[in-house]
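Raw protein_21.cif, mmCIF, C-alpha atoms and all ligand atoms:
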```
data_target
loop_
_atom_site.label_atom_id
_atom_site.label_comp_id
_atom_site.auth_asym_id
_atom_site.auth_seq_id
_atom_site.Cartn_x
_atom_site.Cartn_y
_atom_site.Cartn_z
CA MET A 1 82.84 -24.47 -69.47
CA ASP A 2 86.12 -23.93 -71.37
CA MET A 3 89.11 -25.45 -69.66
CA ALA A 4 92.68 -24.34 -70.20
CA PRO A 5 94.99 -27.18 -71.26
CA GLU A 6 96.93 -26.67 -68.04
CA LYS A 7 95.96 -25.21 -64.75
CA ASP A 8 97.97 -23.95 -61.81
CA LEU A 9 97.36 -21.76 -58.79
CA LYS A 10 98.25 -18.64 -60.79
CA THR A 11 95.61 -19.37 -63.44
CA ILE A 12 92.99 -19.95 -60.76
CA LEU A 13 93.90 -16.70 -59.04
CA GLY A 14 93.94 -14.86 -62.37
CA LYS A 15 90.31 -15.83 -62.92
CA LEU A 16 89.09 -14.38 -59.65
CA GLN A 17 87.39 -11.01 -60.02
CA TYR A 18 87.25 -8.63 -57.11
CA SER A 19 86.58 -5.32 -58.83
CA ASP A 20 83.11 -4.89 -57.35
CA ASP A 21 80.70 -6.65 -55.01
CA ALA A 22 78.22 -7.57 -57.78
CA LYS A 23 80.94 -9.46 -59.68
CA VAL A 24 82.00 -11.32 -56.55
CA ILE A 25 78.41 -12.41 -55.88
CA GLN A 26 77.89 -13.40 -59.53
CA GLN A 27 81.10 -15.41 -59.52
CA ILE A 28 80.20 -17.20 -56.27
CA THR A 29 76.72 -18.01 -57.63
CA GLU A 30 78.15 -19.44 -60.85
CA GLN A 31 80.75 -21.49 -58.99
CA THR A 32 78.15 -22.82 -56.57
CA LYS A 33 75.92 -23.95 -59.47
CA GLN A 34 78.90 -25.58 -61.12
CA VAL A 35 79.87 -27.45 -57.92
CA HIS A 36 76.28 -28.80 -57.70
CA ALA A 37 76.49 -30.01 -61.31
CA ARG A 38 79.93 -31.59 -60.80
CA MET A 39 78.81 -33.50 -57.72
CA ALA A 40 75.40 -34.56 -59.02
CA GLY A 41 76.58 -38.12 -59.72
CA ILE A 42 77.88 -38.75 -56.17
CA LYS A 43 75.60 -40.75 -53.82
CA HIS A 44 77.18 -40.05 -50.42
CA LYS A 45 79.35 -37.05 -49.64
CA LEU A 46 81.22 -37.06 -46.36
CA VAL A 47 83.72 -34.73 -44.72
CA VAL A 48 86.37 -35.80 -42.25
CA MET A 49 87.24 -33.25 -39.59
CA SER A 50 89.37 -32.98 -36.46
CA GLY A 51 89.71 -30.46 -33.69
CA LYS A 52 93.46 -30.14 -33.88
CA GLY A 53 96.08 -30.99 -36.49
CA GLY A 54 98.19 -34.11 -36.47
CA VAL A 55 95.63 -36.49 -34.95
CA GLY A 56 95.62 -38.70 -38.05
CA LYS A 57 92.70 -37.21 -39.97
CA SER A 58 94.31 -37.78 -43.38
CA MET A 59 95.43 -41.29 -42.44
CA THR A 60 91.83 -42.06 -41.40
CA THR A 61 90.26 -40.48 -44.50
CA VAL A 62 92.55 -42.34 -46.88
CA ASN A 63 92.05 -45.68 -45.14
CA LEU A 64 88.28 -45.28 -45.03
CA ALA A 65 88.28 -44.45 -48.75
CA LEU A 66 90.27 -47.64 -49.40
CA ALA A 67 87.90 -49.60 -47.12
CA PHE A 68 84.83 -48.44 -49.10
CA ALA A 69 86.65 -49.31 -52.35
CA ARG A 70 87.42 -52.82 -51.01
CA GLN A 71 83.68 -53.26 -50.41
CA GLY A 72 83.16 -52.72 -54.14
CA SER A 73 82.20 -49.01 -54.11
CA GLN A 74 83.32 -46.28 -56.49
CA VAL A 75 85.20 -43.81 -54.29
CA GLY A 76 86.61 -40.29 -54.59
CA LEU A 77 88.97 -38.55 -52.19
CA LEU A 78 89.10 -34.77 -51.96
CA ASP A 79 92.04 -33.12 -50.22
CA VAL A 80 91.32 -29.44 -49.67
CA ASP A 81 94.18 -28.47 -47.42
CA LEU A 82 96.05 -25.60 -49.11
CA ASN A 83 98.92 -25.59 -46.65
CA GLY A 84 99.62 -29.26 -46.09
CA PRO A 85 97.89 -31.50 -48.63
CA CYS A 86 99.27 -34.98 -48.01
CA VAL A 87 96.71 -37.40 -49.49
CA PRO A 88 98.50 -37.81 -52.89
CA ARG A 89 101.80 -38.49 -51.13
CA MET A 90 100.19 -41.19 -48.95
CA LEU A 91 98.76 -42.93 -52.02
CA GLY A 92 101.88 -42.62 -54.17
CA LEU A 93 100.22 -39.97 -56.39
CA HIS A 94 102.46 -37.00 -55.54
CA GLY A 95 103.54 -35.35 -58.81
CA HIS A 96 100.41 -36.54 -60.64
CA GLN A 97 98.02 -34.04 -62.19
CA LEU A 98 94.37 -33.54 -62.92
CA THR A 99 93.78 -34.14 -66.63
CA MET A 100 92.16 -31.10 -68.18
CA THR A 101 89.42 -32.07 -70.65
CA PRO A 102 86.51 -30.12 -72.15
CA GLN A 103 84.31 -31.95 -69.58
CA GLY A 104 86.36 -30.73 -66.61
CA ALA A 105 89.43 -31.67 -64.59
CA VAL A 106 89.59 -35.46 -64.36
CA PRO A 107 91.26 -36.73 -61.17
CA PRO A 108 94.01 -39.37 -61.30
CA THR A 109 93.25 -42.84 -59.93
CA GLY A 110 95.16 -44.33 -57.00
CA PRO A 111 95.19 -47.78 -55.34
CA LEU A 112 91.92 -49.79 -55.56
CA GLY A 113 90.61 -47.34 -58.16
CA VAL A 114 90.16 -44.44 -55.71
CA LYS A 115 89.98 -41.10 -57.57
CA VAL A 116 92.01 -38.32 -55.93
CA ALA A 117 91.69 -34.54 -56.30
CA SER A 118 94.06 -32.52 -54.19
CA MET A 119 95.30 -28.95 -53.87
CA ASP A 120 98.73 -30.63 -53.91
CA PHE A 121 98.36 -30.93 -57.70
CA PHE A 122 98.56 -27.12 -57.96
CA LEU A 123 101.37 -26.43 -55.54
CA ASP A 124 105.15 -26.24 -55.90
CA ASP A 125 107.19 -28.77 -53.98
CA ALA A 126 107.88 -27.84 -50.36
CA SER A 127 106.98 -24.16 -50.73
CA PRO A 128 104.06 -22.89 -48.67
CA VAL A 129 101.28 -20.98 -50.42
CA ARG A 130 102.24 -17.30 -50.49
CA TRP A 131 99.70 -14.71 -51.51
CA LYS A 132 100.74 -11.39 -52.95
CA GLY A 133 99.04 -7.97 -52.81
CA PRO A 134 96.60 -6.71 -50.18
CA MET A 135 96.41 -10.17 -48.60
CA ASP A 136 99.91 -9.58 -47.17
CA VAL A 137 98.35 -7.25 -44.65
CA SER A 138 94.90 -8.70 -44.17
CA PRO A 139 94.17 -12.13 -42.68
CA VAL A 140 90.51 -11.63 -43.60
CA TRP A 141 91.43 -11.13 -47.26
CA LEU A 142 93.73 -14.14 -47.05
CA GLY A 143 90.87 -16.31 -45.78
CA LEU A 144 88.56 -15.02 -48.53
CA MET A 145 91.20 -15.80 -51.15
CA GLU A 146 91.69 -19.35 -49.88
CA MET A 147 87.96 -20.00 -49.83
CA ASN A 148 87.65 -18.74 -53.41
CA VAL A 149 90.46 -20.96 -54.62
CA ILE A 150 88.80 -23.96 -52.99
CA ARG A 151 85.37 -23.14 -54.45
CA GLU A 152 86.90 -22.70 -57.91
CA PHE A 153 88.76 -26.01 -57.51
CA LEU A 154 85.53 -27.81 -56.53
CA ALA A 155 83.80 -26.27 -59.53
CA ASP A 156 86.35 -27.79 -61.89
CA VAL A 157 86.75 -31.40 -60.76
CA ALA A 158 84.75 -33.86 -62.87
CA TRP A 159 84.10 -36.83 -60.56
CA GLY A 160 81.62 -38.73 -62.69
CA GLU A 161 79.51 -41.37 -60.90
CA LEU A 162 80.65 -42.22 -57.37
CA ASP A 163 79.18 -44.08 -54.39
CA TYR A 164 81.27 -42.15 -51.86
CA LEU A 165 83.22 -38.91 -51.81
CA LEU A 166 85.34 -38.34 -48.72
CA ALA A 167 86.74 -34.86 -48.16
CA ASP A 168 89.80 -34.41 -45.96
CA LEU A 169 89.26 -30.93 -44.52
CA PRO A 170 92.11 -28.78 -43.21
CA PRO A 171 92.71 -29.05 -39.47
CA GLY A 172 91.14 -26.47 -37.21
CA ALA A 173 88.85 -26.18 -34.27
CA ALA A 174 85.61 -24.37 -33.66
CA ALA A 175 85.05 -21.17 -35.62
CA ASP A 176 87.56 -21.90 -38.34
CA LYS A 177 87.56 -22.74 -42.06
CA PRO A 178 86.56 -26.44 -42.03
CA PRO A 179 82.81 -25.95 -41.51
CA VAL A 180 82.79 -23.20 -44.15
CA ILE A 181 84.46 -25.50 -46.67
CA ALA A 182 82.04 -28.30 -45.72
CA GLY A 183 79.27 -25.84 -46.60
CA PHE A 184 80.55 -25.70 -50.20
CA ILE A 185 79.64 -29.39 -50.67
CA PRO A 186 76.00 -29.81 -51.69
CA ASP A 187 73.80 -32.47 -50.02
CA LEU A 188 76.46 -33.37 -47.51
CA ALA A 189 75.58 -36.68 -45.81
CA GLY A 190 77.57 -35.78 -42.74
CA ALA A 191 80.88 -35.39 -40.96
CA ILE A 192 83.17 -37.90 -39.32
CA VAL A 193 85.28 -36.48 -36.52
CA VAL A 194 88.72 -37.95 -35.83
CA THR A 195 90.29 -37.61 -32.43
CA THR A 196 92.98 -39.11 -30.23
CA PRO A 197 92.29 -40.04 -26.60
CA SER A 198 94.63 -37.23 -25.50
CA GLU A 199 92.64 -34.69 -27.48
CA VAL A 200 89.49 -35.89 -25.73
CA ALA A 201 91.03 -34.70 -22.45
CA SER A 202 90.76 -31.13 -23.77
CA ASP A 203 87.46 -29.69 -24.95
CA VAL A 204 88.60 -29.09 -28.54
CA VAL A 205 86.65 -32.04 -30.02
CA GLN A 206 83.43 -31.03 -28.31
CA LYS A 207 83.85 -27.47 -29.58
CA SER A 208 84.30 -28.59 -33.19
CA VAL A 209 81.29 -30.93 -32.99
CA THR A 210 79.15 -28.12 -31.55
CA TYR A 211 80.32 -25.67 -34.17
CA ALA A 212 79.71 -28.13 -37.03
CA ARG A 213 76.19 -28.74 -35.71
CA ASP A 214 75.60 -24.98 -35.43
CA MET A 215 76.48 -24.76 -39.13
CA GLY A 216 73.85 -27.42 -39.90
CA ILE A 217 76.37 -30.22 -40.52
CA LYS A 218 75.22 -33.63 -39.28
CA VAL A 219 78.01 -35.34 -37.36
CA LEU A 220 77.78 -39.10 -37.95
CA GLY A 221 80.23 -40.23 -35.31
CA ILE A 222 83.73 -40.23 -33.88
CA VAL A 223 86.78 -42.27 -34.86
CA GLU A 224 89.37 -42.61 -32.12
CA ASN A 225 92.86 -42.76 -33.63
CA MET A 226 96.04 -43.88 -31.83
CA SER A 227 93.90 -45.61 -29.21
CA GLU A 228 96.53 -48.12 -28.28
CA TYR A 229 99.98 -49.09 -29.42
CA ARG A 230 100.40 -52.18 -31.55
CA CYS A 231 103.87 -53.64 -30.98
CA PRO A 232 105.44 -54.18 -34.45
CA SER A 233 107.24 -57.36 -33.38
CA CYS A 234 104.65 -59.25 -31.28
CA GLY A 235 101.40 -57.48 -32.36
CA GLU A 236 100.31 -56.97 -28.69
CA LEU A 237 98.17 -53.88 -27.94
CA ASN A 238 99.01 -51.50 -25.06
CA GLU A 239 97.35 -48.25 -23.90
CA LEU A 240 98.96 -45.06 -25.28
CA PHE A 241 97.09 -41.99 -23.93
CA GLU A 242 94.65 -41.17 -21.15
CA GLY A 243 91.16 -40.12 -22.21
CA ASN A 244 87.62 -41.38 -22.28
CA THR A 245 86.21 -41.13 -25.78
CA GLU A 246 83.18 -43.30 -24.91
CA ALA A 247 82.12 -40.86 -22.17
CA MET A 248 82.58 -37.94 -24.55
CA CYS A 249 80.50 -39.68 -27.24
CA GLU A 250 77.75 -40.20 -24.69
CA VAL A 251 77.77 -36.50 -23.75
CA LEU A 252 77.64 -35.54 -27.44
CA ASP A 253 75.08 -38.27 -28.23
CA LEU A 254 77.29 -39.65 -31.00
CA PRO A 255 78.36 -43.19 -31.85
CA LEU A 256 81.99 -44.18 -31.44
CA LEU A 257 82.54 -45.56 -34.93
CA GLY A 258 85.72 -47.39 -34.02
CA ARG A 259 89.21 -47.33 -32.60
CA ILE A 260 92.45 -47.43 -34.56
CA PRO A 261 95.67 -48.38 -32.78
CA PHE A 262 98.96 -46.52 -33.19
CA ASP A 263 100.42 -48.73 -35.88
CA ARG A 264 103.86 -47.68 -37.02
CA LYS A 265 104.13 -50.50 -39.55
CA LEU A 266 100.97 -49.41 -41.37
CA ALA A 267 101.66 -45.65 -41.10
CA ARG A 268 105.19 -46.04 -42.43
CA THR A 269 103.87 -47.54 -45.66
CA PHE A 270 101.56 -44.54 -46.16
CA ASP A 271 104.30 -42.05 -45.25
CA LYS A 272 106.42 -43.68 -47.98
CA GLY A 273 103.62 -43.52 -50.56
CA ALA A 274 103.41 -47.30 -50.90
CA PRO A 275 100.35 -48.09 -48.75
CA LEU A 276 99.76 -51.49 -47.22
CA LEU A 277 96.52 -52.79 -48.72
CA ASP A 278 96.32 -56.31 -47.26
CA GLU A 279 92.77 -56.69 -45.97
CA SER A 280 93.73 -59.47 -43.57
CA TYR A 281 95.99 -57.03 -41.66
CA PRO A 282 94.31 -56.36 -38.25
CA THR A 283 94.37 -52.51 -38.38
CA ILE A 284 92.99 -52.56 -41.93
CA GLN A 285 90.18 -54.82 -40.66
CA ARG A 286 89.36 -52.09 -38.12
CA TYR A 287 89.00 -49.55 -40.94
CA GLN A 288 86.76 -52.04 -42.78
CA GLU A 289 84.51 -52.30 -39.70
CA ILE A 290 84.29 -48.50 -39.38
CA ALA A 291 83.39 -48.18 -43.08
CA GLY A 292 80.68 -50.84 -42.53
CA ARG A 293 79.23 -48.83 -39.62
CA ILE A 294 79.20 -45.63 -41.67
CA ARG A 295 77.45 -47.47 -44.50
CA THR A 296 74.81 -48.76 -42.06
CA LEU A 297 74.26 -45.26 -40.66
CA LEU A 298 73.84 -43.83 -44.17
CA ASP A 299 71.44 -46.62 -45.21
CA TYR A 300 69.41 -46.09 -42.02
CA LYS A 301 69.28 -42.35 -42.74
CA LYS A 302 68.02 -43.09 -46.27
CA VAL A 303 65.29 -45.46 -45.04
CA LEU A 304 64.18 -42.87 -42.46
CA ALA A 305 64.08 -40.14 -45.11
CA GLU A 306 61.97 -42.36 -47.42
CA LYS A 307 59.50 -43.14 -44.61
CA LEU A 308 59.00 -39.49 -43.64
N1 LIG B 401 97.14 -44.89 -36.29
C1 LIG B 401 98.34 -44.40 -36.55
N2 LIG B 401 99.46 -45.09 -36.22
C2 LIG B 401 100.69 -44.59 -36.47
N3 LIG B 401 100.93 -43.41 -37.05
C3 LIG B 401 99.85 -42.69 -37.42
C4 LIG B 401 98.51 -43.13 -37.19
N4 LIG B 401 97.66 -42.19 -37.67
C5 LIG B 401 98.44 -41.21 -38.18
N5 LIG B 401 99.74 -41.51 -38.03
C6 LIG B 401 100.89 -40.71 -38.47
O1 LIG B 401 100.80 -39.42 -37.87
C7 LIG B 401 101.22 -38.41 -38.79
C8 LIG B 401 100.08 -37.40 -38.94
O2 LIG B 401 98.97 -38.07 -39.54
P1 LIG B 401 97.98 -37.31 -40.52
O3 LIG B 401 98.75 -36.57 -41.57
O4 LIG B 401 96.97 -38.28 -40.95
O5 LIG B 401 97.36 -36.28 -39.48
P2 LIG B 401 96.33 -35.09 -39.75
O6 LIG B 401 95.43 -35.05 -38.58
O7 LIG B 401 95.70 -35.23 -41.09
O8 LIG B 401 97.27 -33.85 -39.75
P3 LIG B 401 96.96 -32.40 -40.35
O9 LIG B 401 95.48 -32.29 -40.46
O10 LIG B 401 97.58 -31.50 -39.34
O11 LIG B 401 97.62 -32.36 -41.70
C9 LIG B 401 101.57 -39.13 -40.09
O12 LIG B 401 102.96 -39.32 -40.15
C10 LIG B 401 100.86 -40.47 -39.98
O13 LIG B 401 101.53 -41.50 -40.66
#
```

Could you show the structure in this file as structure tokens?
Amino acid sequence: MDMAPEKDLKTILGKLQYSDDAKVIQQITEQTKQVHARMAGIKHKLVVMSGKGGVGKSMTTVNLALAFARQGSQVGLLDVDLNGPCVPRMLGLHGHQLTMTPQGAVPPTGPLGVKVASMDFFLDDASPVRWKGPMDVSPVWLGLMEMNVIREFLADVAWGELDYLLADLPPGAAADKPPVIAGFIPDLAGAIVVTTPSEVASDVVQKSVTYARDMGIKVLGIVENMSEYRCPSCGELNELFEGNTEAMCEVLDLPLLGRIPFDRKLARTFDKGAPLLDESYPTIQRYQEIAGRIRTLLDYKKVLAEKL
């Protein structure tokens, strides 16, 4: 596939063809084939989802990617949020670009060798994505446009060989975009759902798990974020929200993969784009444990598949 020396949102949009249904179907088929080819060298593909926004999904995705990398794996991070991509910023890669080569768009490398591809690389600073034309009046058209941009983006990124690819999906509950985007990723190993104990009190997490399952996505487990508060001066842990994630996991028949405390010291380093990477730090050890559990689940799944 020929690649332009530079690529931005306008070029992507310029390539989309909507003149008739046959062309749309042909384009989707070609993009889908291309996505399969691009991701053929990736062993485990995972998506990270949440019911609502702001529960720490990106923070969890980025830290799990770093945890897998610390265990010696080759890791890629995919940030497909068109309206608030924050992964590059957290890893100090904001302002970086994909490198366009004849082999595809090569993602920049962040801390611990993690490769990052984000919609952020196509967007102007601080301005939200604005679509022009018929989309102004049609939310359906707007959704279609976004999905096409994401599929085209996935069709371009040349990941090479990876052990893990973690995709940070946009926030959204039940019948929203995240499960549709997850469907673009071939041979998906499963989804990790991030929640806070307060979110558990509502039924939003259960709805998103049910909807993901209805779409054929295997949910591997739940990560509870902001479980407790770690005091920055003395390190003591105190309860932060009411909620019973264990009971919810039992109802949903899902493992609780781990609990991450509200840790201002750690989060501040990611918000500043200079992430704390010290593996002896207690909250980072929690992420390491969660990554270990995910690895065990994936290995178990592989053994089961080989036996059947
Ligand atoms: N465990 C934590 N301790 C302290 N702060 C946290 C923690 N997890 C996330 N945060 C902070 O909360 C804010 C939101 O986190 P994040 O961007 O990861 O949420 P999100 O669920 O991905 O949001 P959205 O999907 O709506 O973009 C960030 O400023 C982040 O630093």

Inset, instruction - Kindly provide, as a ChimeraX atom specification, all nucleotide and amino acid residues lying within 9 Å of ligand LIG 401 (chain B), counting all atoms listed in the file. - result: /A:49-62,81,83-87,90,168-172,194-195,225-230,260-271,283

Inset, instruction - Would you list the contacts of Asn244 of chain A as a ChimeraX atom specification, taking every protein, DNA or RNA residue within 8 Å and counting all atoms listed in the file, but skipping same-chain residues closer than 3 positions in sequence? - result: /A:197,200-201,247-248

Inset, instruction - Calculate how many Å separate atom CA of Leu46 of chain A from atom CA of Ala167 of chain A, rounding to one decimal. - result: 6.2 Å

Inset, instruction - Measuring atom to atom with only C-alpha atoms, identify which of A:Lys301, A:Arg259, A:Lys272, A:Lys218 is nearest to Arg89 of chain A. - result: A:Lys272

Inset, instruction - Fewer than 4 positions away in the same chain doesn't count, so skip those; otherwise give me all residues within 8 Å of segment 284-299 of chain A, counting only C-alpha atoms, as a ChimeraX atom specification. - result: /A:63-64,67-68,189,220,257-260,277-280,303

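Here atom CA of Thr32 of chain A is placed at a distance of 28.5 Å from atom CA of Leu66 of chain A.
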
Legend entry - Length of the atom CA of Arg213 of chain A to atom CA of Glu246 of chain A vector [Å]: 19.4 Å

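Using only C-alpha atoms for every distance, the candidate list A:Glu239, A:Leu276, A:Leu144, A:Gly110 yields A:Leu144 as the residue closest to Val24 of chain A.
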
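The shortest atom-to-atom distance to Leu112 of chain A, with all atoms listed in the file taken into account, belongs to A:Ala69 out of A:Ala69, A:Val149, A:Leu154, A:Leu254.
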
Legend entry - Residue among A:Val80, A:Val114, A:Leu93, A:Cys249 lying closest to Val193 of chain A, counting only C-alpha atoms: A:Cys249

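For Leu82 of chain A, the residues within 8 Å (counting only C-alpha atoms, excluding itself and residues fewer than 6 positions away along the chain) are Met119, Asp120, Val129, Glu146 and Pro170 of chain A.
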
Legend entry - Surrounding residues of Phe153 of chain A excluding itself and chain neighbours under 3 positions, 12 Å, all atoms listed in the file, as a ChimeraX atom specification: /A:7-9,11-13,15-16,31-32,34-35,38,78-82,98,104-107,117-122,146-150,156-158,181,184-185
